[in-house]
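Have a look at start_35.csv below; it lists CSV, N, CA and C atoms.
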```csv
chain,number,residue,atom,x,y,z
A,926,MET,N,-13.1,-20.0,3.1
A,926,MET,CA,-11.7,-19.6,3.7
A,926,MET,C,-11.0,-18.9,2.6
A,927,THR,N,-10.4,-17.8,3.0
A,927,THR,CA,-9.6,-17.0,2.1
A,927,THR,C,-8.1,-17.3,2.2
A,928,ARG,N,-7.4,-17.1,1.2
A,928,ARG,CA,-6.0,-17.4,1.2
A,928,ARG,C,-5.2,-16.2,1.9
A,929,PRO,N,-4.2,-16.5,2.6
A,929,PRO,CA,-3.4,-15.4,3.1
A,929,PRO,C,-2.7,-14.6,2.0
A,930,LEU,N,-2.6,-13.4,2.2
A,930,LEU,CA,-2.0,-12.5,1.2
A,930,LEU,C,-0.7,-12.0,1.8
A,931,ASN,N,0.2,-11.5,0.9
A,931,ASN,CA,1.4,-10.8,1.3
A,931,ASN,C,1.1,-9.3,1.0
A,932,ILE,N,1.0,-8.6,2.1
A,932,ILE,CA,0.6,-7.2,2.1
A,932,ILE,C,1.7,-6.3,2.5
A,933,LEU,N,2.0,-5.3,1.7
A,933,LEU,CA,3.0,-4.3,2.0
A,933,LEU,C,2.3,-3.0,2.5
A,934,VAL,N,2.6,-2.5,3.7
A,934,VAL,CA,2.1,-1.3,4.2
A,934,VAL,C,3.3,-0.3,4.3
A,935,VAL,N,3.1,0.8,3.6
A,935,VAL,CA,4.2,1.9,3.6
A,935,VAL,C,3.7,3.2,4.1
A,936,ASP,N,4.3,3.6,5.2
A,936,ASP,CA,3.9,4.9,5.9
A,936,ASP,C,5.0,5.4,6.7
A,937,ASP,N,5.4,6.6,6.6
A,937,ASP,CA,6.4,7.2,7.4
A,937,ASP,C,6.0,7.4,8.9
A,938,ASP,N,4.7,7.3,9.1
A,938,ASP,CA,4.2,7.4,10.5
A,938,ASP,C,4.1,6.0,11.0
A,939,ALA,N,5.1,5.6,11.8
A,939,ALA,CA,5.3,4.2,12.3
A,939,ALA,C,4.0,3.7,13.0
A,940,GLU,N,3.3,4.6,13.8
A,940,GLU,CA,2.1,4.1,14.5
A,940,GLU,C,1.0,3.7,13.5
A,941,ASN,N,0.8,4.5,12.4
A,941,ASN,CA,-0.2,4.2,11.4
A,941,ASN,C,0.2,2.9,10.7
A,942,ALA,N,1.5,2.8,10.3
A,942,ALA,CA,1.9,1.6,9.6
A,942,ALA,C,1.7,0.3,10.5
A,943,GLU,N,2.2,0.4,11.7
A,943,GLU,CA,2.1,-0.8,12.6
A,943,GLU,C,0.7,-1.2,12.9
A,944,SER,N,-0.2,-0.2,13.1
A,944,SER,CA,-1.6,-0.5,13.5
A,944,SER,C,-2.3,-1.2,12.3
A,945,LEU,N,-2.0,-0.7,11.1
A,945,LEU,CA,-2.6,-1.3,9.9
A,945,LEU,C,-2.1,-2.7,9.7
A,946,ALA,N,-0.8,-2.8,9.9
A,946,ALA,CA,-0.1,-4.1,9.7
A,946,ALA,C,-0.7,-5.1,10.7
A,947,GLU,N,-0.9,-4.7,11.9
A,947,GLU,CA,-1.5,-5.6,13.0
A,947,GLU,C,-2.9,-6.0,12.6
A,948,LEU,N,-3.6,-5.1,12.1
A,948,LEU,CA,-5.0,-5.5,11.7
A,948,LEU,C,-5.0,-6.6,10.6
A,949,PHE,N,-4.1,-6.4,9.6
A,949,PHE,CA,-4.0,-7.4,8.5
A,949,PHE,C,-3.5,-8.8,9.1
A,950,ALA,N,-2.5,-8.7,10.0
A,950,ALA,CA,-1.9,-9.9,10.5
A,950,ALA,C,-2.9,-10.7,11.3
A,951,MET,N,-3.9,-10.0,12.0
A,951,MET,CA,-4.9,-10.7,12.7
A,951,MET,C,-5.8,-11.6,11.8
A,952,ASP,N,-5.8,-11.3,10.5
A,952,ASP,CA,-6.6,-12.1,9.6
A,952,ASP,C,-5.6,-13.1,8.9
A,953,ASN,N,-4.5,-13.3,9.5
A,953,ASN,CA,-3.5,-14.3,9.0
A,953,ASN,C,-2.8,-14.0,7.7
A,954,HIS,N,-2.7,-12.7,7.4
A,954,HIS,CA,-2.0,-12.3,6.2
A,954,HIS,C,-0.5,-12.0,6.7
A,955,LYS,N,0.4,-12.2,5.7
A,955,LYS,CA,1.8,-11.8,6.0
A,955,LYS,C,1.9,-10.3,5.6
A,956,VAL,N,2.5,-9.6,6.6
A,956,VAL,CA,2.6,-8.1,6.4
A,956,VAL,C,4.0,-7.7,6.4
A,957,ILE,N,4.4,-6.9,5.4
A,957,ILE,CA,5.7,-6.3,5.3
A,957,ILE,C,5.5,-4.8,5.6
A,958,VAL,N,6.3,-4.2,6.4
A,958,VAL,CA,6.1,-2.8,6.7
A,958,VAL,C,7.4,-2.0,6.2
A,959,ALA,N,7.1,-0.9,5.5
A,959,ALA,CA,8.2,0.0,5.1
A,959,ALA,C,7.8,1.4,5.6
A,960,TYR,N,8.9,2.2,5.8
A,960,TYR,CA,8.6,3.5,6.4
A,960,TYR,C,9.0,4.6,5.5
A,961,ASP,N,9.4,4.3,4.2
A,961,ASP,CA,9.7,5.3,3.2
A,961,ASP,C,9.6,4.7,1.9
A,962,GLY,N,9.7,5.5,0.9
A,962,GLY,CA,9.6,5.1,-0.5
A,962,GLY,C,10.7,4.1,-0.9
A,963,GLN,N,11.9,4.4,-0.5
A,963,GLN,CA,13.0,3.5,-0.9
A,963,GLN,C,12.8,2.1,-0.3
A,964,GLN,N,12.4,2.0,0.9
A,964,GLN,CA,12.1,0.7,1.6
A,964,GLN,C,11.0,0.0,0.9
A,965,ALA,N,10.0,0.7,0.4
A,965,ALA,CA,8.9,0.1,-0.4
A,965,ALA,C,9.4,-0.6,-1.6
A,966,ILE,N,10.3,0.2,-2.4
A,966,ILE,CA,10.9,-0.4,-3.6
A,966,ILE,C,11.7,-1.7,-3.3
A,967,GLU,N,12.5,-1.6,-2.2
A,967,GLU,CA,13.3,-2.8,-1.8
A,967,GLU,C,12.4,-3.9,-1.4
A,968,ALA,N,11.3,-3.6,-0.7
A,968,ALA,CA,10.4,-4.7,-0.2
A,968,ALA,C,9.7,-5.4,-1.4
A,969,PHE,N,9.3,-4.6,-2.5
A,969,PHE,CA,8.7,-5.2,-3.6
A,969,PHE,C,9.7,-6.1,-4.4
A,970,SER,N,11.0,-5.7,-4.4
A,970,SER,CA,12.0,-6.5,-5.1
A,970,SER,C,12.4,-7.8,-4.4
A,971,LEU,N,12.2,-7.8,-3.1
A,971,LEU,CA,12.6,-8.9,-2.3
A,971,LEU,C,11.5,-9.9,-1.9
A,972,ASN,N,10.2,-9.5,-2.1
A,972,ASN,CA,9.1,-10.2,-1.7
A,972,ASN,C,8.0,-10.3,-2.8
A,973,LYS,N,7.2,-11.4,-2.7
A,973,LYS,CA,6.0,-11.4,-3.6
A,973,LYS,C,5.0,-10.6,-2.8
A,974,VAL,N,4.5,-9.5,-3.4
A,974,VAL,CA,3.6,-8.6,-2.8
A,974,VAL,C,2.2,-8.8,-3.5
A,975,ASP,N,1.2,-9.2,-2.8
A,975,ASP,CA,-0.1,-9.3,-3.5
A,975,ASP,C,-0.8,-7.9,-3.6
A,976,ILE,N,-0.7,-7.1,-2.6
A,976,ILE,CA,-1.3,-5.8,-2.5
A,976,ILE,C,-0.6,-4.9,-1.6
A,977,GLY,N,-0.6,-3.6,-1.9
A,977,GLY,CA,0.1,-2.6,-1.1
A,977,GLY,C,-0.8,-1.5,-0.7
A,978,PHE,N,-0.5,-0.9,0.4
A,978,PHE,CA,-1.1,0.3,0.9
A,978,PHE,C,-0.1,1.3,1.2
A,979,PHE,N,0.0,2.4,0.3
A,979,PHE,CA,1.1,3.3,0.4
A,979,PHE,C,0.6,4.7,0.9
A,980,ASP,N,1.3,5.3,1.8
A,980,ASP,CA,1.1,6.7,2.1
A,980,ASP,C,1.6,7.5,0.9
A,981,VAL,N,1.0,8.6,0.7
A,981,VAL,CA,1.4,9.5,-0.4
A,981,VAL,C,2.5,10.3,0.0
A,982,MET,N,2.4,11.1,1.0
A,982,MET,CA,3.4,12.1,1.4
A,982,MET,C,4.4,11.5,2.4
A,983,MET,N,5.6,11.3,2.0
A,983,MET,CA,6.7,10.8,2.8
A,983,MET,C,8.0,11.6,2.5
A,984,PRO,N,8.8,11.7,3.5
A,984,PRO,CA,10.1,12.4,3.2
A,984,PRO,C,10.9,11.5,2.2
A,985,GLY,N,11.8,12.2,1.5
A,985,GLY,CA,12.6,11.5,0.5
A,985,GLY,C,11.7,11.2,-0.7
A,986,LYS,N,11.6,10.0,-1.1
A,986,LYS,CA,10.8,9.5,-2.3
A,986,LYS,C,9.4,9.3,-1.8
A,987,ASN,N,8.5,10.1,-2.4
A,987,ASN,CA,7.1,9.9,-1.9
A,987,ASN,C,6.5,8.6,-2.4
A,988,GLY,N,5.3,8.3,-1.9
A,988,GLY,CA,4.6,7.1,-2.3
A,988,GLY,C,4.3,6.9,-3.8
A,989,VAL,N,4.0,8.0,-4.4
A,989,VAL,CA,3.6,7.9,-5.8
A,989,VAL,C,4.9,7.6,-6.7
A,990,ASP,N,5.9,8.4,-6.4
A,990,ASP,CA,7.2,8.1,-7.2
A,990,ASP,C,7.7,6.7,-6.9
A,991,SER,N,7.6,6.2,-5.7
A,991,SER,CA,8.0,4.8,-5.4
A,991,SER,C,7.1,3.8,-6.2
A,992,PHE,N,5.8,4.1,-6.2
A,992,PHE,CA,4.9,3.2,-7.0
A,992,PHE,C,5.2,3.2,-8.5
A,993,ILE,N,5.5,4.3,-9.0
A,993,ILE,CA,5.8,4.4,-10.5
A,993,ILE,C,7.1,3.6,-10.7
A,994,GLU,N,8.1,3.7,-9.9
A,994,GLU,CA,9.3,2.9,-10.0
A,994,GLU,C,9.0,1.4,-9.9
A,995,ILE,N,8.2,1.1,-8.9
A,995,ILE,CA,7.8,-0.3,-8.7
A,995,ILE,C,7.1,-0.9,-10.0
A,996,LYS,N,6.2,-0.1,-10.5
A,996,LYS,CA,5.4,-0.6,-11.7
A,996,LYS,C,6.3,-0.9,-12.9
A,997,GLN,N,7.5,-0.2,-13.0
A,997,GLN,CA,8.4,-0.5,-14.1
A,997,GLN,C,8.9,-1.9,-14.1
A,998,SER,N,9.2,-2.5,-12.9
A,998,SER,CA,9.7,-3.8,-12.8
A,998,SER,C,8.6,-4.8,-12.4
A,999,HIS,N,7.5,-4.3,-11.9
A,999,HIS,CA,6.3,-5.2,-11.4
A,999,HIS,C,5.0,-4.6,-12.0
A,1000,PRO,N,4.8,-4.7,-13.3
A,1000,PRO,CA,3.6,-4.1,-13.9
A,1000,PRO,C,2.3,-4.6,-13.3
A,1001,GLU,N,2.3,-5.8,-12.6
A,1001,GLU,CA,1.1,-6.3,-12.0
A,1001,GLU,C,0.8,-5.8,-10.6
A,1002,ALA,N,1.7,-4.9,-10.1
A,1002,ALA,CA,1.6,-4.4,-8.8
A,1002,ALA,C,0.2,-3.8,-8.5
A,1003,LYS,N,-0.4,-4.2,-7.4
A,1003,LYS,CA,-1.7,-3.6,-7.0
A,1003,LYS,C,-1.5,-2.8,-5.7
A,1004,VAL,N,-1.7,-1.5,-5.9
A,1004,VAL,CA,-1.4,-0.5,-4.8
A,1004,VAL,C,-2.6,0.4,-4.6
A,1005,TYR,N,-2.9,0.6,-3.4
A,1005,TYR,CA,-3.9,1.6,-3.0
A,1005,TYR,C,-3.1,2.7,-2.2
A,1006,PHE,N,-3.5,3.9,-2.3
A,1006,PHE,CA,-2.9,5.0,-1.6
A,1006,PHE,C,-3.7,5.5,-0.5
A,1007,MET,N,-3.0,6.0,0.5
A,1007,MET,CA,-3.6,6.6,1.7
A,1007,MET,C,-3.1,8.0,1.9
A,1008,THR,N,-3.9,9.0,2.2
A,1008,THR,CA,-3.4,10.3,2.4
A,1008,THR,C,-4.3,11.1,3.3
A,1009,GLY,N,-3.7,12.0,4.0
A,1009,GLY,CA,-4.4,12.9,4.9
A,1009,GLY,C,-4.3,14.3,4.3
A,1010,TYR,N,-3.7,14.4,3.1
A,1010,TYR,CA,-3.4,15.7,2.5
A,1010,TYR,C,-4.2,15.9,1.2
A,1011,SER,N,-4.3,17.1,0.8
A,1011,SER,CA,-4.8,17.3,-0.6
A,1011,SER,C,-3.6,17.3,-1.5
A,1012,ALA,N,-3.5,16.2,-2.2
A,1012,ALA,CA,-2.4,15.9,-3.1
A,1012,ALA,C,-2.9,15.5,-4.5
A,1013,ASP,N,-3.8,16.3,-5.0
A,1013,ASP,CA,-4.6,16.0,-6.2
A,1013,ASP,C,-3.7,15.6,-7.4
A,1014,ASP,N,-2.6,16.4,-7.6
A,1014,ASP,CA,-1.8,16.1,-8.8
A,1014,ASP,C,-1.0,14.8,-8.6
A,1015,LEU,N,-0.5,14.5,-7.4
A,1015,LEU,CA,0.2,13.3,-7.2
A,1015,LEU,C,-0.8,12.1,-7.3
A,1016,LEU,N,-2.0,12.2,-6.8
A,1016,LEU,CA,-3.0,11.2,-6.8
A,1016,LEU,C,-3.4,10.9,-8.3
A,1017,LYS,N,-3.6,12.0,-9.1
A,1017,LYS,CA,-3.9,11.8,-10.5
A,1017,LYS,C,-2.8,11.0,-11.2
A,1018,THR,N,-1.6,11.4,-10.9
A,1018,THR,CA,-0.5,10.7,-11.5
A,1018,THR,C,-0.5,9.2,-11.1
A,1019,ALA,N,-0.7,8.9,-9.8
A,1019,ALA,CA,-0.8,7.5,-9.4
A,1019,ALA,C,-1.9,6.7,-10.1
A,1020,LEU,N,-3.0,7.3,-10.2
A,1020,LEU,CA,-4.1,6.6,-10.9
A,1020,LEU,C,-3.8,6.4,-12.4
A,1021,GLU,N,-3.2,7.4,-13.0
A,1021,GLU,CA,-2.8,7.3,-14.4
A,1021,GLU,C,-1.8,6.1,-14.6
A,1022,HIS,N,-1.0,5.8,-13.6
A,1022,HIS,CA,0.0,4.7,-13.6
A,1022,HIS,C,-0.6,3.4,-13.1
A,1023,GLY,N,-1.9,3.3,-12.8
A,1023,GLY,CA,-2.5,2.1,-12.5
A,1023,GLY,C,-2.8,1.8,-11.0
A,1024,ALA,N,-2.7,2.9,-10.2
A,1024,ALA,CA,-3.1,2.7,-8.8
A,1024,ALA,C,-4.6,2.2,-8.7
A,1025,MET,N,-4.8,1.4,-7.7
A,1025,MET,CA,-6.2,0.8,-7.6
A,1025,MET,C,-7.2,1.7,-7.0
A,1026,GLY,N,-6.7,2.7,-6.2
A,1026,GLY,CA,-7.6,3.7,-5.6
A,1026,GLY,C,-6.9,4.5,-4.5
A,1027,VAL,N,-7.7,5.3,-3.8
A,1027,VAL,CA,-7.2,6.2,-2.8
A,1027,VAL,C,-8.1,6.2,-1.6
A,1028,PHE,N,-7.5,6.1,-0.4
A,1028,PHE,CA,-8.2,6.3,0.8
A,1028,PHE,C,-7.8,7.5,1.6
A,1029,GLY,N,-8.7,8.3,2.1
A,1029,GLY,CA,-8.4,9.4,3.0
A,1029,GLY,C,-7.9,8.8,4.3
A,1030,LYS,N,-7.2,9.6,5.1
A,1030,LYS,CA,-6.8,9.3,6.4
A,1030,LYS,C,-7.7,10.1,7.4
A,1031,PRO,N,-8.2,9.5,8.4
A,1031,PRO,CA,-8.0,8.1,8.8
A,1031,PRO,C,-8.7,7.2,7.8
A,1032,VAL,N,-8.0,6.0,7.6
A,1032,VAL,CA,-8.5,5.0,6.6
A,1032,VAL,C,-9.8,4.4,7.1
A,1033,ASP,N,-10.7,4.2,6.1
A,1033,ASP,CA,-12.0,3.5,6.4
A,1033,ASP,C,-11.7,2.0,6.5
A,1034,LEU,N,-11.5,1.6,7.8
A,1034,LEU,CA,-11.0,0.2,8.0
A,1034,LEU,C,-11.9,-0.9,7.5
A,1035,PRO,N,-13.3,-0.8,7.7
A,1035,PRO,CA,-14.1,-1.8,7.1
A,1035,PRO,C,-14.0,-1.9,5.6
A,1036,LYS,N,-13.9,-0.8,4.9
A,1036,LYS,CA,-13.7,-0.8,3.5
A,1036,LYS,C,-12.4,-1.4,3.0
A,1037,VAL,N,-11.3,-1.1,3.8
A,1037,VAL,CA,-10.0,-1.7,3.5
A,1037,VAL,C,-10.1,-3.2,3.7
A,1038,LEU,N,-10.7,-3.7,4.8
A,1038,LEU,CA,-10.8,-5.1,5.1
A,1038,LEU,C,-11.7,-5.8,4.0
A,1039,ASP,N,-12.7,-5.2,3.5
A,1039,ASP,CA,-13.5,-5.7,2.4
A,1039,ASP,C,-12.6,-6.0,1.2
A,1040,LEU,N,-11.8,-5.0,0.9
A,1040,LEU,CA,-10.9,-5.1,-0.3
A,1040,LEU,C,-10.0,-6.3,-0.1
A,1041,ILE,N,-9.4,-6.4,1.1
A,1041,ILE,CA,-8.5,-7.5,1.3
A,1041,ILE,C,-9.2,-8.8,1.2
A,1042,GLU,N,-10.4,-8.9,1.7
A,1042,GLU,CA,-11.2,-10.1,1.6
A,1042,GLU,C,-11.5,-10.5,0.2
A,1043,GLU,N,-11.8,-9.5,-0.6
A,1043,GLU,CA,-12.1,-9.8,-2.1
A,1043,GLU,C,-10.8,-10.2,-2.8
A,1044,GLU,N,-9.7,-9.6,-2.5
A,1044,GLU,CA,-8.4,-10.0,-3.1
A,1044,GLU,C,-8.0,-11.4,-2.7
A,1045,ALA,N,-8.3,-11.8,-1.5
A,1045,ALA,CA,-7.9,-13.1,-1.0
A,1045,ALA,C,-8.8,-14.2,-1.4
A,1046,ALA,N,-10.0,-13.9,-1.9
A,1046,ALA,CA,-11.0,-14.9,-2.2
A,1046,ALA,C,-10.6,-15.8,-3.4
```
Write the structure described by the file as structure tokens, please.
Amino acid sequence: MTRPLNILVVDDDAENAESLAELFAMDNHKVIVAYDGQQAIEAFSLNKVDIGFFDVMMPGKNGVDSFIEIKQSHPEAKVYFMTGYSADDLLKTALEHGAMGVFGKPVDLPKVLDLIEEEAA
């Protein structure tokens, strides 16, 4: 039996965010959903987050800039990025600041679920 995780899903596409959140919730994880970078920062400051899945390209503060800000106050933050765009410079910056990895969109759900299972073990 795996322990339930607190998972933060950040995506400006509400449909993507909600479907990923629903998938995690079906495995009894607590899911927090944010729709932009500022909401992601606030969610991290208000909740214990075990792992996050952030969209890269969002209006306002993008996912990478939000992650870098989060890492300043939560150096233990574990975040994976999701993107449907070619954002090599942003992704390189994210990885240099400790991102766990990157998923293309559409996200490889079995791979994501395997990661969640490993984290919860």
Query - Counting only C-alpha atoms, the option among A:Ile995, A:Val981, A:Ile976, A:Leu933 closest to Met1025 (chain A) - result: A:Ile976
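The spacing separating atom N of Asp1014 (chain A) from CA of Ser944 (chain A) amounts to 27.1 Å.
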**Report entry** Coordinates-based distance that separates CA of Asp961 (chain A) from CA of Ala939 (chain A) (Å, one decimal)
**Finding:**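 Answer for the CA of Ala939 (chain A) to CA of Asp961 (chain A) separation: 10.2 Å.
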Report task. For atom N of Glu940 (chain A) and CA of Tyr960 (chain A), determine how far apart the two atoms are, in Å to one decimal place. Result -> 9.2 Å
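Residues in contact with Met982 (chain A) at 8 Å, where all atoms listed in the file are counted and same-chain residues fewer than 4 positions away are skipped, are listed as Asp936, Asp937, Asp938, Lys986, Asn987, Gly988, Val989, Met1007, Thr1008, Gly1009, Tyr1010 and Ala1012 of chain A.
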Report task. Assign secondary structure with DSSP using the backbone only, and return the residues of region 950-989 of chain A in helix (DSSP H, G or I) as a list in words. Result ->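 Secondary structure check on region 950-989 of chain A, helix (DSSP H, G or I): Ala950, Met951, Gly962, Gln963, Gln964, Ala965, Ile966, Glu967, Ala968, Phe969, Ser970, Leu971, Gly988 and Val989 of chain A.
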Query raised in the report: For Val934 (chain A), which residue out of A:Glu967, A:Asp952, A:Asp1013, A:Asp980 is the nearest one, using only C-alpha atoms?
Result: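 The answer is A:Asp980, which sits nearest to Val934 (chain A).
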**Report entry** Backbone-only DSSP, strand (DSSP E) members of chain A, as a ChimeraX atom specification
**Finding:** /A:931-935,955-959,976-980,1004-1008,1026-1029
Write a file of the selected residues as a JSON list (two decimals), keeping the file's coordinate frame, keeping N, CA and C atoms.
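Below is the file out.json, written as the result:
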```json
[["chain", "number", "residue", "atom", "x", "y", "z"],
["A", 931, "ASN", "N", 0.20, -11.50, 0.90],
["A", 931, "ASN", "CA", 1.40, -10.80, 1.30],
["A", 931, "ASN", "C", 1.10, -9.30, 1.00],
["A", 932, "ILE", "N", 1.00, -8.60, 2.10],
["A", 932, "ILE", "CA", 0.60, -7.20, 2.10],
["A", 932, "ILE", "C", 1.70, -6.30, 2.50],
["A", 933, "LEU", "N", 2.00, -5.30, 1.70],
["A", 933, "LEU", "CA", 3.00, -4.30, 2.00],
["A", 933, "LEU", "C", 2.30, -3.00, 2.50],
["A", 934, "VAL", "N", 2.60, -2.50, 3.70],
["A", 934, "VAL", "CA", 2.10, -1.30, 4.20],
["A", 934, "VAL", "C", 3.30, -0.30, 4.30],
["A", 935, "VAL", "N", 3.10, 0.80, 3.60],
["A", 935, "VAL", "CA", 4.20, 1.90, 3.60],
["A", 935, "VAL", "C", 3.70, 3.20, 4.10],
["A", 955, "LYS", "N", 0.40, -12.20, 5.70],
["A", 955, "LYS", "CA", 1.80, -11.80, 6.00],
["A", 955, "LYS", "C", 1.90, -10.30, 5.60],
["A", 956, "VAL", "N", 2.50, -9.60, 6.60],
["A", 956, "VAL", "CA", 2.60, -8.10, 6.40],
["A", 956, "VAL", "C", 4.00, -7.70, 6.40],
["A", 957, "ILE", "N", 4.40, -6.90, 5.40],
["A", 957, "ILE", "CA", 5.70, -6.30, 5.30],
["A", 957, "ILE", "C", 5.50, -4.80, 5.60],
["A", 958, "VAL", "N", 6.30, -4.20, 6.40],
["A", 958, "VAL", "CA", 6.10, -2.80, 6.70],
["A", 958, "VAL", "C", 7.40, -2.00, 6.20],
["A", 959, "ALA", "N", 7.10, -0.90, 5.50],
["A", 959, "ALA", "CA", 8.20, 0.00, 5.10],
["A", 959, "ALA", "C", 7.80, 1.40, 5.60],
["A", 976, "ILE", "N", -0.70, -7.10, -2.60],
["A", 976, "ILE", "CA", -1.30, -5.80, -2.50],
["A", 976, "ILE", "C", -0.60, -4.90, -1.60],
["A", 977, "GLY", "N", -0.60, -3.60, -1.90],
["A", 977, "GLY", "CA", 0.10, -2.60, -1.10],
["A", 977, "GLY", "C", -0.80, -1.50, -0.70],
["A", 978, "PHE", "N", -0.50, -0.90, 0.40],
["A", 978, "PHE", "CA", -1.10, 0.30, 0.90],
["A", 978, "PHE", "C", -0.10, 1.30, 1.20],
["A", 979, "PHE", "N", 0.00, 2.40, 0.30],
["A", 979, "PHE", "CA", 1.10, 3.30, 0.40],
["A", 979, "PHE", "C", 0.60, 4.70, 0.90],
["A", 980, "ASP", "N", 1.30, 5.30, 1.80],
["A", 980, "ASP", "CA", 1.10, 6.70, 2.10],
["A", 980, "ASP", "C", 1.60, 7.50, 0.90],
["A", 1004, "VAL", "N", -1.70, -1.50, -5.90],
["A", 1004, "VAL", "CA", -1.40, -0.50, -4.80],
["A", 1004, "VAL", "C", -2.60, 0.40, -4.60],
["A", 1005, "TYR", "N", -2.90, 0.60, -3.40],
["A", 1005, "TYR", "CA", -3.90, 1.60, -3.00],
["A", 1005, "TYR", "C", -3.10, 2.70, -2.20],
["A", 1006, "PHE", "N", -3.50, 3.90, -2.30],
["A", 1006, "PHE", "CA", -2.90, 5.00, -1.60],
["A", 1006, "PHE", "C", -3.70, 5.50, -0.50],
["A", 1007, "MET", "N", -3.00, 6.00, 0.50],
["A", 1007, "MET", "CA", -3.60, 6.60, 1.70],
["A", 1007, "MET", "C", -3.10, 8.00, 1.90],
["A", 1008, "THR", "N", -3.90, 9.00, 2.20],
["A", 1008, "THR", "CA", -3.40, 10.30, 2.40],
["A", 1008, "THR", "C", -4.30, 11.10, 3.30],
["A", 1026, "GLY", "N", -6.70, 2.70, -6.20],
["A", 1026, "GLY", "CA", -7.60, 3.70, -5.60],
["A", 1026, "GLY", "C", -6.90, 4.50, -4.50],
["A", 1027, "VAL", "N", -7.70, 5.30, -3.80],
["A", 1027, "VAL", "CA", -7.20, 6.20, -2.80],
["A", 1027, "VAL", "C", -8.10, 6.20, -1.60],
["A", 1028, "PHE", "N", -7.50, 6.10, -0.40],
["A", 1028, "PHE", "CA", -8.20, 6.30, 0.80],
["A", 1028, "PHE", "C", -7.80, 7.50, 1.60],
["A", 1029, "GLY", "N", -8.70, 8.30, 2.10],
["A", 1029, "GLY", "CA", -8.40, 9.40, 3.00],
["A", 1029, "GLY", "C", -7.90, 8.80, 4.30]]
```
Requested in this report: Could you check which of A:Asn972, A:Asn953, A:Gln963, A:Ser1011 is closest to Asp990 (chain A), using all atoms listed in the file?
Outcome: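 So, comparing all the options, the nearest one is A:Gln963.
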Report task. Rank A:Leu971, A:Ile932, A:Leu945, A:Leu1038 by their smallest atom-to-atom distance to Ile957 (chain A), using only C-alpha atoms, and report the top residue only. Result -> A:Ile932
